[in-house]
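**Student:** Quick one: the structure is below, and I'll ask about it shortly.
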Amino acid sequence: MLTVDFDRVRLGKQAVLLDVGCGAGRHAFAAARRGADVVALDAAAGECATVAATFAAMTAAGEIPPGTVTGVIGGDASRLPLADRSVDVVVAAEVLEHVRDDAAVLAELARVLRPGGTLVVTVPRWWPEVVNWLLSREYHEVEGGHVRIYRRRQLCRRVAAAGLVPRAHHHAHALHTPYWWMRCLVGVSREDHPLVAAYHRVLVWDIVRGPRVTRWLDRLLCPLLGKSLVVYFERVMPPGTGA
């Protein structure tokens with residue numbers, strides 16, 4: 001299930017997309033299917049290996065053309081191994097809330113983005129995330145956990161400081177918000193709790209089958225309950241500076 005709406009992104013064929021903190025690769029795979037040349041980056045070697053293997057299987061099955069995947073790279077988002085202005089679209093999905101120095105990461109994302117390019121940032125939405133933190137210290141006080149909660153205006157100011165302008169925003173995954181509240185309430189590690197397990201089965205059904213009732217309900221509730229905030233930024237160059 002995607003957090004980023006690629007219909008809002010100018011992602012033509014052979015556009016170069018960088019998926020920073022790619023995790024299991026959901027956005028990288030979707031972009032490759034749309035014809036983009038994809039670079040997937042993650043700090044976890046295991047995630048990179050899994051994504052590379054999936055891309056190889058997709059190529060072998062004819063889902064994506066050979067050469068679509070420019071690279072699957074293990075690396076640090078604050079020191080990207082890419083040239084200046086070499087990427088058309090950058091996706092940073094659920095990344096910034098995990099890093100101490102978000103300014104350094106944003107400066108790097110802006111550096112590699114071409115003028116007119118798009119940066120898509122997704123972070124946990126402020127008020128559902130506050131509830132999680134209030135219900136459970138275990139939720140965020142873990143190694144690699146969330147170190148901050150963003151309000152939209154705060155996020156936009158931080159990205160603007162890196163030289164990008166917000167163009168649009170929306171919220172995603174309303175049905176996931178009650179699930180995390182439930183887990184925080186009973187104990188984050190209690191995935192076997194009957195209520196948590198039952199709700200998880202509903203979420204899996206929604207992701208796998210995409211029934212109309214849950215898709216309609218999610219769209220209806222997202223403005224209020226959406227777990228993720230998604231903001232689309234553009235790199236705009238000052239007049240007279242050139243491309």
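Ordering of the structure tokens sets the chain letters (A, B, ...); residue numbers start at 1 within each chain; ligands are numbered from 1 in the order shown.
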Enumerate as a count of residues only all residues of stretch 69-194 of chain A assigned to strand (DSSP E) by DSSP on the backbone, naming them with the chain letters and numbers the document uses.
**Tutor:** 34
**Student:** Taking only C-alpha atoms into account, produce a table as JSON lines in which each residue of stretch 204-235 of chain A with an atom at most 8 Å from an atom of stretch 164-187 of chain A appears once, together with its shortest atom pair and the distance in Å to one decimal, ordered by chain and rising number.
**Tutor:**
{"residue": "A:Asp218", "atom": "CA", "partner": "A:Ala174", "partner_atom": "CA", "distance": 5.4}
{"residue": "A:Arg219", "atom": "CA", "partner": "A:Ala174", "partner_atom": "CA", "distance": 7.7}
{"residue": "A:Leu221", "atom": "CA", "partner": "A:Ala174", "partner_atom": "CA", "distance": 5.8}
{"residue": "A:Cys222", "atom": "CA", "partner": "A:Ala174", "partner_atom": "CA", "distance": 4.8}
{"residue": "A:Pro223", "atom": "CA", "partner": "A:His171", "partner_atom": "CA", "distance": 6.2}
{"residue": "A:Leu224", "atom": "CA", "partner": "A:Ala174", "partner_atom": "CA", "distance": 7.8}
{"residue": "A:Leu225", "atom": "CA", "partner": "A:Ala174", "partner_atom": "CA", "distance": 4.8}
{"residue": "A:Gly226", "atom": "CA", "partner": "A:Ala174", "partner_atom": "CA", "distance": 3.8}
{"residue": "A:Lys227", "atom": "CA", "partner": "A:Thr177", "partner_atom": "CA", "distance": 5.2}
{"residue": "A:Ser228", "atom": "CA", "partner": "A:Ala172", "partner_atom": "CA", "distance": 5.1}
{"residue": "A:Leu229", "atom": "CA", "partner": "A:His171", "partner_atom": "CA", "distance": 4.7}
{"residue": "A:Val230", "atom": "CA", "partner": "A:His170", "partner_atom": "CA", "distance": 5.4}
{"residue": "A:Val231", "atom": "CA", "partner": "A:His169", "partner_atom": "CA", "distance": 4.3}
{"residue": "A:Tyr232", "atom": "CA", "partner": "A:Ala168", "partner_atom": "CA", "distance": 5.3}
{"residue": "A:Phe233", "atom": "CA", "partner": "A:Pro166", "partner_atom": "CA", "distance": 4.2}
{"residue": "A:Glu234", "atom": "CA", "partner": "A:Val165", "partner_atom": "CA", "distance": 5.2}
{"residue": "A:Arg235", "atom": "CA", "partner": "A:Leu164", "partner_atom": "CA", "distance": 4.6}
**Student:** Go ahead and write the selection's residues with C-alpha atoms as a compact mmCIF listing (two decimals), in the first residue's frame.
**Tutor:**
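Saved file result_10.txt follows:
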# COMPACT_ATOMS: atom_id res chain seq x y z
CA ASP A 218 -10.28 5.20 4.20
CA ARG A 219 -10.85 8.08 1.75
CA LEU A 221 -11.65 9.31 7.14
CA CYS A 222 -8.23 10.41 5.85
CA PRO A 223 -8.81 14.16 6.31
CA LEU A 224 -9.48 13.50 10.00
CA LEU A 225 -7.65 10.27 10.89
CA GLY A 226 -4.96 9.84 8.23
CA LYS A 227 -1.87 8.47 9.97
CA SER A 228 0.63 9.92 7.47
CA LEU A 229 1.11 13.48 6.29
CA VAL A 230 2.29 13.64 2.66
CA VAL A 231 3.75 16.89 1.29
CA TYR A 232 4.93 17.54 -2.27
CA PHE A 233 7.74 20.09 -2.70
CA GLU A 234 9.37 21.60 -5.79
CA ARG A 235 12.92 22.77 -6.16
**Student:** Quick check, in Å to one decimal: how far apart do atom CA of A:Arg33 and atom CA of A:Asp7 lie?
**Tutor:** 13.1 Å
**Student:** Quick one: of A:Arg100, A:Arg8, A:Arg209, A:Arg79, who's nearest to A:Asp42, counting only C-alpha atoms?
**Tutor:**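 When distances to A:Asp42 are compared using only C-alpha atoms, the smallest one comes from A:Arg79.
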**Student:** Would you give me, as CSV, each residue of stretch 32-125 of chain A having an atom within 10 Å of an atom of stretch 131-144 of chain A, along with its shortest atom pair and that distance in Å to one decimal, using only C-alpha atoms and sorting by chain and residue number?
**Tutor:**
residue,atom,partner,partner_atom,distance
A:Glu97,CA,A:Gly144,CA,9.8
A:His98,CA,A:Gly144,CA,6.3
A:Val99,CA,A:Gly144,CA,8.3
**Student:** Write the selection just made, keeping N, CA and C atoms, as a tab-separated table (two decimals), in the first residue's frame?
**Tutor:**
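So the final result, stored in selection-v1.tsv, reads:
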chain	number	residue	atom	x	y	z
A	97	GLU	N	11.42	11.49	10.60
A	97	GLU	CA	11.12	11.37	12.03
A	97	GLU	C	12.11	10.45	12.75
A	98	HIS	N	12.94	9.74	11.98
A	98	HIS	CA	13.91	8.82	12.58
A	98	HIS	C	15.32	9.41	12.71
A	99	VAL	N	15.60	10.53	12.04
A	99	VAL	CA	16.98	11.03	11.98
A	99	VAL	C	17.15	12.23	12.91
**Student:** So, counting only C-alpha atoms, which residue among A:Val204, A:Trp216, A:Asp76, A:Val130 is closest to A:Met1?
**Tutor:** A:Val204
**Student:** Skipping near chain neighbours, those fewer than 4 positions away, what residues fall within 7 Å of A:Ala93 using only C-alpha atoms, listed as a short mmCIF file (atom, residue, chain, number, x, y, z; two decimals) with C-alpha atoms, in the first residue's frame?
**Tutor:**
data_model
loop_
_atom_site.label_atom_id
_atom_site.label_comp_id
_atom_site.auth_asym_id
_atom_site.auth_seq_id
_atom_site.Cartn_x
_atom_site.Cartn_y
_atom_site.Cartn_z
CA VAL A 121 8.11 13.77 2.16
CA THR A 122 5.84 11.64 4.31
CA VAL A 123 5.92 11.72 8.12
#
**Student:** With only C-alpha atoms as the atoms that count, which of A:Ala52, A:Val236, A:Ala28, A:Val95 lies nearest to A:Gly145?
**Tutor:**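 Looking only at the distances to A:Gly145, the closest residue turns out to be A:Val95.
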**Student:** Just checking: using only C-alpha atoms, which residue out of A:Arg148, A:Thr54, A:Ser78, A:Thr70 ends up closest to A:Arg125?
**Tutor:**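 Smallest separation from A:Arg125 among the options: A:Arg148.
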**Student:** What does the distance from atom CA of A:Leu109 to atom CA of A:Ile73 come to in Å, to one decimal?
**Tutor:** 15.2 Å
**Student:** Hey, what does DSSP flag as alpha helix (DSSP H) within stretch 84-196 of chain A? Can you give it to me as an NGL selection string?
**Tutor:** :A and (102-112 or 126-135 or 152-161 or 176-186 or 194-196)
**Student:** Pick the closest to A:Val87 from A:Ala57, A:Val188, A:Val196, A:Val16: which is it, counting only C-alpha atoms?
**Tutor:** A:Val16
